[in-house]
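Enquirer: Structure file upload.pdb (PDB, N, CA and C atoms) is given on the next line.
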```
ATOM      1  N   MET A   1     -17.168  -5.984 -88.083
ATOM      2  CA  MET A   1     -17.514  -4.565 -88.105
ATOM      3  C   MET A   1     -16.898  -3.922 -89.359
ATOM      4  N   PRO A   2     -17.656  -3.076 -90.073
ATOM      5  CA  PRO A   2     -17.109  -2.466 -91.285
ATOM      6  C   PRO A   2     -16.053  -1.416 -90.969
ATOM      7  N   LYS A   3     -15.292  -1.071 -91.987
ATOM      8  CA  LYS A   3     -14.277  -0.030 -91.820
ATOM      9  C   LYS A   3     -14.949   1.292 -91.497
ATOM     10  N   MET A   4     -14.225   2.155 -90.779
ATOM     11  CA  MET A   4     -14.754   3.493 -90.513
ATOM     12  C   MET A   4     -14.531   4.352 -91.733
ATOM     13  N   LYS A   5     -15.512   5.186 -92.052
ATOM     14  CA  LYS A   5     -15.381   6.093 -93.193
ATOM     15  C   LYS A   5     -14.885   7.448 -92.723
ATOM     16  N   THR A   6     -14.014   8.028 -93.532
ATOM     17  CA  THR A   6     -13.540   9.386 -93.273
ATOM     18  C   THR A   6     -14.639  10.360 -93.660
ATOM     19  N   ASN A   7     -14.858  11.373 -92.845
ATOM     20  CA  ASN A   7     -15.801  12.436 -93.199
ATOM     21  C   ASN A   7     -15.114  13.316 -94.235
ATOM     22  N   ARG A   8     -15.589  13.276 -95.487
ATOM     23  CA  ARG A   8     -14.902  13.939 -96.594
ATOM     24  C   ARG A   8     -14.932  15.463 -96.450
ATOM     25  N   ALA A   9     -15.992  16.006 -95.896
ATOM     26  CA  ALA A   9     -16.070  17.465 -95.711
ATOM     27  C   ALA A   9     -14.957  17.932 -94.779
ATOM     28  N   ALA A  10     -14.738  17.196 -93.694
ATOM     29  CA  ALA A  10     -13.686  17.558 -92.753
ATOM     30  C   ALA A  10     -12.306  17.316 -93.366
ATOM     31  N   ALA A  11     -12.161  16.242 -94.135
ATOM     32  CA  ALA A  11     -10.868  15.905 -94.728
ATOM     33  C   ALA A  11     -10.400  16.979 -95.703
ATOM     34  N   LYS A  12     -11.334  17.633 -96.384
ATOM     35  CA  LYS A  12     -10.979  18.682 -97.331
ATOM     36  C   LYS A  12     -10.554  19.967 -96.627
ATOM     37  N   ARG A  13     -10.930  20.129 -95.381
ATOM     38  CA  ARG A  13     -10.669  21.367 -94.649
ATOM     39  C   ARG A  13      -9.508  21.270 -93.668
ATOM     40  N   ILE A  14      -9.154  20.056 -93.266
ATOM     41  CA  ILE A  14      -8.166  19.883 -92.205
ATOM     42  C   ILE A  14      -7.070  18.942 -92.674
ATOM     43  N   LYS A  15      -5.817  19.315 -92.400
ATOM     44  CA  LYS A  15      -4.669  18.469 -92.725
ATOM     45  C   LYS A  15      -3.909  18.185 -91.435
ATOM     46  N   ARG A  16      -3.212  17.059 -91.420
ATOM     47  CA  ARG A  16      -2.403  16.703 -90.262
ATOM     48  C   ARG A  16      -0.967  17.172 -90.495
ATOM     49  N   THR A  17      -0.346  17.749 -89.461
ATOM     50  CA  THR A  17       1.036  18.206 -89.577
ATOM     51  C   THR A  17       1.977  17.019 -89.357
ATOM     52  N   GLY A  18       3.252  17.254 -89.515
ATOM     53  CA  GLY A  18       4.239  16.190 -89.326
ATOM     54  C   GLY A  18       4.254  15.638 -87.916
ATOM     55  N   THR A  19       3.940  16.482 -86.935
ATOM     56  CA  THR A  19       3.935  16.027 -85.538
ATOM     57  C   THR A  19       2.594  15.449 -85.115
ATOM     58  N   GLY A  20       1.608  15.455 -86.045
ATOM     59  CA  GLY A  20       0.304  14.849 -85.747
ATOM     60  C   GLY A  20      -0.765  15.822 -85.307
ATOM     61  N   LYS A  21      -0.425  17.120 -85.244
ATOM     62  CA  LYS A  21      -1.439  18.106 -84.887
ATOM     63  C   LYS A  21      -2.314  18.386 -86.105
ATOM     64  N   LEU A  22      -3.456  19.047 -85.886
ATOM     65  CA  LEU A  22      -4.394  19.319 -86.978
ATOM     66  C   LEU A  22      -4.330  20.787 -87.375
ATOM     67  N   ARG A  23      -4.205  21.026 -88.680
ATOM     68  CA  ARG A  23      -4.087  22.374 -89.219
ATOM     69  C   ARG A  23      -5.372  22.737 -89.934
ATOM     70  N   ARG A  24      -5.836  23.974 -89.753
ATOM     71  CA  ARG A  24      -7.073  24.429 -90.376
ATOM     72  C   ARG A  24      -6.914  25.855 -90.868
ATOM     73  N   ARG A  25      -7.818  26.279 -91.757
ATOM     74  CA  ARG A  25      -7.859  27.658 -92.235
ATOM     75  C   ARG A  25      -8.709  28.476 -91.269
ATOM     76  N   ARG A  26      -8.536  29.785 -91.292
ATOM     77  CA  ARG A  26      -9.339  30.649 -90.422
ATOM     78  C   ARG A  26     -10.657  31.026 -91.095
ATOM     79  N   ALA A  27     -11.652  31.285 -90.297
ATOM     80  CA  ALA A  27     -12.963  31.685 -90.810
ATOM     81  C   ALA A  27     -12.979  33.187 -91.102
ATOM     82  N   ASN A  28     -14.031  33.666 -91.733
ATOM     83  CA  ASN A  28     -14.312  35.094 -91.987
ATOM     84  C   ASN A  28     -13.422  35.722 -93.050
ATOM     85  N   LYS A  29     -12.993  34.962 -94.033
ATOM     86  CA  LYS A  29     -12.133  35.518 -95.071
ATOM     87  C   LYS A  29     -12.770  35.387 -96.460
ATOM     88  N   SER A  30     -14.063  35.090 -96.533
ATOM     89  CA  SER A  30     -14.654  34.822 -97.846
ATOM     90  C   SER A  30     -15.371  36.021 -98.460
ATOM     91  N   HIS A  31     -16.072  36.815 -97.686
ATOM     92  CA  HIS A  31     -16.783  37.965 -98.259
ATOM     93  C   HIS A  31     -16.974  39.031 -97.187
ATOM     94  N   ILE A  32     -17.519  40.178 -97.595
ATOM     95  CA  ILE A  32     -17.660  41.368 -96.725
ATOM     96  C   ILE A  32     -16.289  41.737 -96.152
ATOM     97  N   LEU A  33     -15.310  41.887 -97.049
ATOM     98  CA  LEU A  33     -13.946  42.169 -96.611
ATOM     99  C   LEU A  33     -13.671  43.667 -96.509
ATOM    100  N   THR A  34     -14.576  44.495 -97.025
ATOM    101  CA  THR A  34     -14.302  45.935 -97.061
ATOM    102  C   THR A  34     -14.255  46.536 -95.658
ATOM    103  N   LYS A  35     -15.061  46.032 -94.755
ATOM    104  CA  LYS A  35     -15.093  46.606 -93.403
ATOM    105  C   LYS A  35     -14.028  46.023 -92.476
ATOM    106  N   LYS A  36     -13.302  45.010 -92.950
ATOM    107  CA  LYS A  36     -12.259  44.407 -92.132
ATOM    108  C   LYS A  36     -10.926  45.107 -92.406
ATOM    109  N   THR A  37     -10.152  45.288 -91.358
ATOM    110  CA  THR A  37      -8.886  46.008 -91.514
ATOM    111  C   THR A  37      -7.879  45.141 -92.269
ATOM    112  N   THR A  38      -6.890  45.812 -92.866
ATOM    113  CA  THR A  38      -5.837  45.103 -93.593
ATOM    114  C   THR A  38      -5.100  44.150 -92.664
ATOM    115  N   LYS A  39      -4.853  44.598 -91.446
ATOM    116  CA  LYS A  39      -4.154  43.757 -90.465
ATOM    117  C   LYS A  39      -4.946  42.482 -90.177
ATOM    118  N   ARG A  40      -6.262  42.640 -90.035
ATOM    119  CA  ARG A  40      -7.107  41.484 -89.737
ATOM    120  C   ARG A  40      -7.147  40.513 -90.915
ATOM    121  N   LYS A  41      -7.260  41.053 -92.144
ATOM    122  CA  LYS A  41      -7.293  40.195 -93.335
ATOM    123  C   LYS A  41      -5.965  39.455 -93.516
ATOM    124  N   ARG A  42      -4.863  40.116 -93.205
ATOM    125  CA  ARG A  42      -3.550  39.492 -93.306
ATOM    126  C   ARG A  42      -3.434  38.330 -92.309
ATOM    127  N   ARG A  43      -3.939  38.536 -91.103
ATOM    128  CA  ARG A  43      -3.918  37.490 -90.081
ATOM    129  C   ARG A  43      -4.804  36.303 -90.481
ATOM    130  N   LEU A  44      -5.916  36.588 -91.158
ATOM    131  CA  LEU A  44      -6.833  35.520 -91.576
ATOM    132  C   LEU A  44      -6.240  34.641 -92.676
ATOM    133  N   ARG A  45      -5.220  35.143 -93.384
ATOM    134  CA  ARG A  45      -4.572  34.329 -94.423
ATOM    135  C   ARG A  45      -3.791  33.176 -93.826
ATOM    136  N   GLN A  46      -3.302  33.348 -92.615
ATOM    137  CA  GLN A  46      -2.464  32.331 -91.985
ATOM    138  C   GLN A  46      -3.318  31.156 -91.516
ATOM    139  N   ALA A  47      -2.803  29.955 -91.715
ATOM    140  CA  ALA A  47      -3.484  28.782 -91.170
ATOM    141  C   ALA A  47      -3.164  28.717 -89.675
ATOM    142  N   THR A  48      -3.968  27.953 -88.943
ATOM    143  CA  THR A  48      -3.746  27.821 -87.506
ATOM    144  C   THR A  48      -4.033  26.387 -87.093
ATOM    145  N   LEU A  49      -3.739  26.063 -85.860
ATOM    146  CA  LEU A  49      -3.969  24.706 -85.364
ATOM    147  C   LEU A  49      -5.357  24.596 -84.752
ATOM    148  N   VAL A  50      -5.919  23.408 -84.836
ATOM    149  CA  VAL A  50      -7.199  23.128 -84.194
ATOM    150  C   VAL A  50      -6.966  23.151 -82.689
ATOM    151  N   ASP A  51      -7.897  23.709 -81.944
ATOM    152  CA  ASP A  51      -7.781  23.772 -80.491
ATOM    153  C   ASP A  51      -7.712  22.356 -79.913
ATOM    154  N   PRO A  52      -6.840  22.127 -78.942
ATOM    155  CA  PRO A  52      -6.717  20.781 -78.363
ATOM    156  C   PRO A  52      -8.029  20.214 -77.818
ATOM    157  N   LYS A  53      -8.926  21.094 -77.375
ATOM    158  CA  LYS A  53     -10.213  20.622 -76.844
ATOM    159  C   LYS A  53     -11.076  19.999 -77.940
ATOM    160  N   ASP A  54     -10.872  20.420 -79.198
ATOM    161  CA  ASP A  54     -11.678  19.910 -80.312
ATOM    162  C   ASP A  54     -11.005  18.760 -81.049
ATOM    163  N   GLU A  55      -9.746  18.484 -80.732
ATOM    164  CA  GLU A  55      -9.005  17.472 -81.485
ATOM    165  C   GLU A  55      -9.648  16.088 -81.406
ATOM    166  N   LYS A  56     -10.158  15.715 -80.243
ATOM    167  CA  LYS A  56     -10.745  14.385 -80.085
ATOM    168  C   LYS A  56     -11.950  14.223 -81.016
ATOM    169  N   ARG A  57     -12.788  15.263 -81.091
ATOM    170  CA  ARG A  57     -13.961  15.218 -81.958
ATOM    171  C   ARG A  57     -13.567  15.096 -83.427
ATOM    172  N   ILE A  58     -12.564  15.860 -83.820
ATOM    173  CA  ILE A  58     -12.149  15.878 -85.219
ATOM    174  C   ILE A  58     -11.419  14.595 -85.582
ATOM    175  N   ASN A  59     -10.664  14.046 -84.658
ATOM    176  CA  ASN A  59      -9.996  12.756 -84.915
ATOM    177  C   ASN A  59     -11.013  11.659 -85.197
ATOM    178  N   ARG A  60     -12.179  11.758 -84.610
ATOM    179  CA  ARG A  60     -13.236  10.785 -84.868
ATOM    180  C   ARG A  60     -13.758  10.918 -86.303
ATOM    181  N   LEU A  61     -13.754  12.154 -86.847
ATOM    182  CA  LEU A  61     -14.199  12.363 -88.221
ATOM    183  C   LEU A  61     -13.143  11.921 -89.229
ATOM    184  N   LEU A  62     -11.878  11.916 -88.795
ATOM    185  CA  LEU A  62     -10.762  11.620 -89.703
ATOM    186  C   LEU A  62      -9.968  10.426 -89.204
ATOM    187  N   PRO A  63     -10.544   9.236 -89.223
ATOM    188  CA  PRO A  63      -9.828   8.090 -88.663
ATOM    189  C   PRO A  63      -8.617   7.678 -89.491
ATOM    190  N   ASN A  64      -8.633   7.922 -90.794
ATOM    191  CA  ASN A  64      -7.562   7.435 -91.670
ATOM    192  C   ASN A  64      -6.598   8.515 -92.106
ATOM    193  N   LEU A  65      -6.715   9.699 -91.531
ATOM    194  CA  LEU A  65      -5.848  10.802 -91.956
ATOM    195  C   LEU A  65      -4.613  10.885 -91.089
TER     196      LEU A  65
END
```
Rewrite the structure from the file as structure tokens, please.

Expert:
Amino acid sequence: MPKMKTNRAAAKRIKRTGTGKLRRRRANKSHILTKKTTKRKRRLRQATLVDPKDEKRINRLLPNL
């Protein structure tokens, strides 16, 4: 059986933390920022963890990460 390939699109967006959890950026921070509050934009700057329910799916995309 051939080696599994890493999904490069997912690999560029998600990093693994030291404890093995998955870290991602938040959505909705690229454009149409004028109508969003300063508080909301500040919160969107922070990275967050992938939800545990989605981790299994994402681990399949990132076998070597």

Enquirer: Mind giving me the straight-line distance from atom C of A:Lys3 to atom N of A:Pro63 in Å, one decimal?

Expert: 9.4 Å

Enquirer: Using only C-alpha atoms for the distances, tell me which of A:Arg45, A:Lys29, A:Arg16, A:Arg8 is nearest to A:Leu65.

Expert: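 Using only C-alpha atoms, A:Leu65 sits closest to A:Arg16.
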
Enquirer: At what distance in Å, to one decimal, does atom CA of A:Glu55 lie from atom CA of A:Arg23?

Expert: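 These two atoms are separated by 10.4 Å.
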
Enquirer: I'd like to know which residues of chain A are alpha helix (DSSP H) (by DSSP, run on the backbone); could you write them as a list of chain:residue names?

Expert: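 So, restricting chain A to alpha helix (DSSP H), we get A:Arg8, A:Ala9, A:Ala10, A:Ala11, A:Lys12, A:Arg13, A:Thr38, A:Lys39, A:Arg40, A:Lys41, A:Arg42, A:Arg43, A:Leu44, A:Arg45, A:Pro52, A:Lys53, A:Asp54, A:Glu55, A:Lys56, A:Arg57, A:Ile58, A:Asn59, A:Arg60, A:Leu61.
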
Enquirer: Determine the residue membership of the PyMOL selection byres ((chain A and resi 44) around 7) for the file above and supply it as a list in words.

Expert: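 That expression, the PyMOL selection byres ((chain A and resi 44) around 7), corresponds here to Arg25, Arg26, Ala27, Asn28, Lys29, Lys39, Arg40, Lys41, Arg42, Arg43, Arg45, Gln46 and Ala47 of chain A.
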
Enquirer: As a PyMOL selection string, please: every residue in chain A that a backbone DSSP assignment puts in strand (DSSP E).

Expert: chain A and resi 14-16+22-24+48-49

Enquirer: Could you work out an axis-aligned bounding box for all listed atoms of stretch 32-36 of chain A, with 5 Å added on each of the six sides, and give its centre and edge lengths in Å to one decimal, as JSON?

Expert:
```
{"center_x": -14.3, "center_y": 43.4, "center_z": -94.9, "size_x": 16.7, "size_y": 16.4, "size_z": 15.5}
```

Enquirer: Could you write out as a PDB file with N, CA and C atoms, in the frame of the given file the residues that the PyMOL selection byres ((chain A and resi 6) around 7) matches in the shown file?

Expert:
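Okay, this is what ended up in expr.pdb:
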```pdb
ATOM      1  N   MET A   4     -14.225   2.155 -90.779  1.00  0.00           N
ATOM      2  CA  MET A   4     -14.754   3.493 -90.513  1.00  0.00           C
ATOM      3  C   MET A   4     -14.531   4.352 -91.733  1.00  0.00           C
ATOM      4  N   LYS A   5     -15.512   5.186 -92.052  1.00  0.00           N
ATOM      5  CA  LYS A   5     -15.381   6.093 -93.193  1.00  0.00           C
ATOM      6  C   LYS A   5     -14.885   7.448 -92.723  1.00  0.00           C
ATOM      7  N   ASN A   7     -14.858  11.373 -92.845  1.00  0.00           N
ATOM      8  CA  ASN A   7     -15.801  12.436 -93.199  1.00  0.00           C
ATOM      9  C   ASN A   7     -15.114  13.316 -94.235  1.00  0.00           C
ATOM     10  N   ARG A   8     -15.589  13.276 -95.487  1.00  0.00           N
ATOM     11  CA  ARG A   8     -14.902  13.939 -96.594  1.00  0.00           C
ATOM     12  C   ARG A   8     -14.932  15.463 -96.450  1.00  0.00           C
ATOM     13  N   ALA A   9     -15.992  16.006 -95.896  1.00  0.00           N
ATOM     14  CA  ALA A   9     -16.070  17.465 -95.711  1.00  0.00           C
ATOM     15  C   ALA A   9     -14.957  17.932 -94.779  1.00  0.00           C
ATOM     16  N   ALA A  10     -14.738  17.196 -93.694  1.00  0.00           N
ATOM     17  CA  ALA A  10     -13.686  17.558 -92.753  1.00  0.00           C
ATOM     18  C   ALA A  10     -12.306  17.316 -93.366  1.00  0.00           C
ATOM     19  N   ALA A  11     -12.161  16.242 -94.135  1.00  0.00           N
ATOM     20  CA  ALA A  11     -10.868  15.905 -94.728  1.00  0.00           C
ATOM     21  C   ALA A  11     -10.400  16.979 -95.703  1.00  0.00           C
ATOM     22  N   LEU A  61     -13.754  12.154 -86.847  1.00  0.00           N
ATOM     23  CA  LEU A  61     -14.199  12.363 -88.221  1.00  0.00           C
ATOM     24  C   LEU A  61     -13.143  11.921 -89.229  1.00  0.00           C
ATOM     25  N   LEU A  62     -11.878  11.916 -88.795  1.00  0.00           N
ATOM     26  CA  LEU A  62     -10.762  11.620 -89.703  1.00  0.00           C
ATOM     27  C   LEU A  62      -9.968  10.426 -89.204  1.00  0.00           C
ATOM     28  N   PRO A  63     -10.544   9.236 -89.223  1.00  0.00           N
ATOM     29  CA  PRO A  63      -9.828   8.090 -88.663  1.00  0.00           C
ATOM     30  C   PRO A  63      -8.617   7.678 -89.491  1.00  0.00           C
ATOM     31  N   ASN A  64      -8.633   7.922 -90.794  1.00  0.00           N
ATOM     32  CA  ASN A  64      -7.562   7.435 -91.670  1.00  0.00           C
ATOM     33  C   ASN A  64      -6.598   8.515 -92.106  1.00  0.00           C
TER      34      ASN A  64
END
```

Enquirer: Distance atom CA of A:Ser30-atom CA of A:Thr17, one decimal place?

Expert: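 Atom CA of A:Ser30 sits 24.3 Å away from atom CA of A:Thr17.
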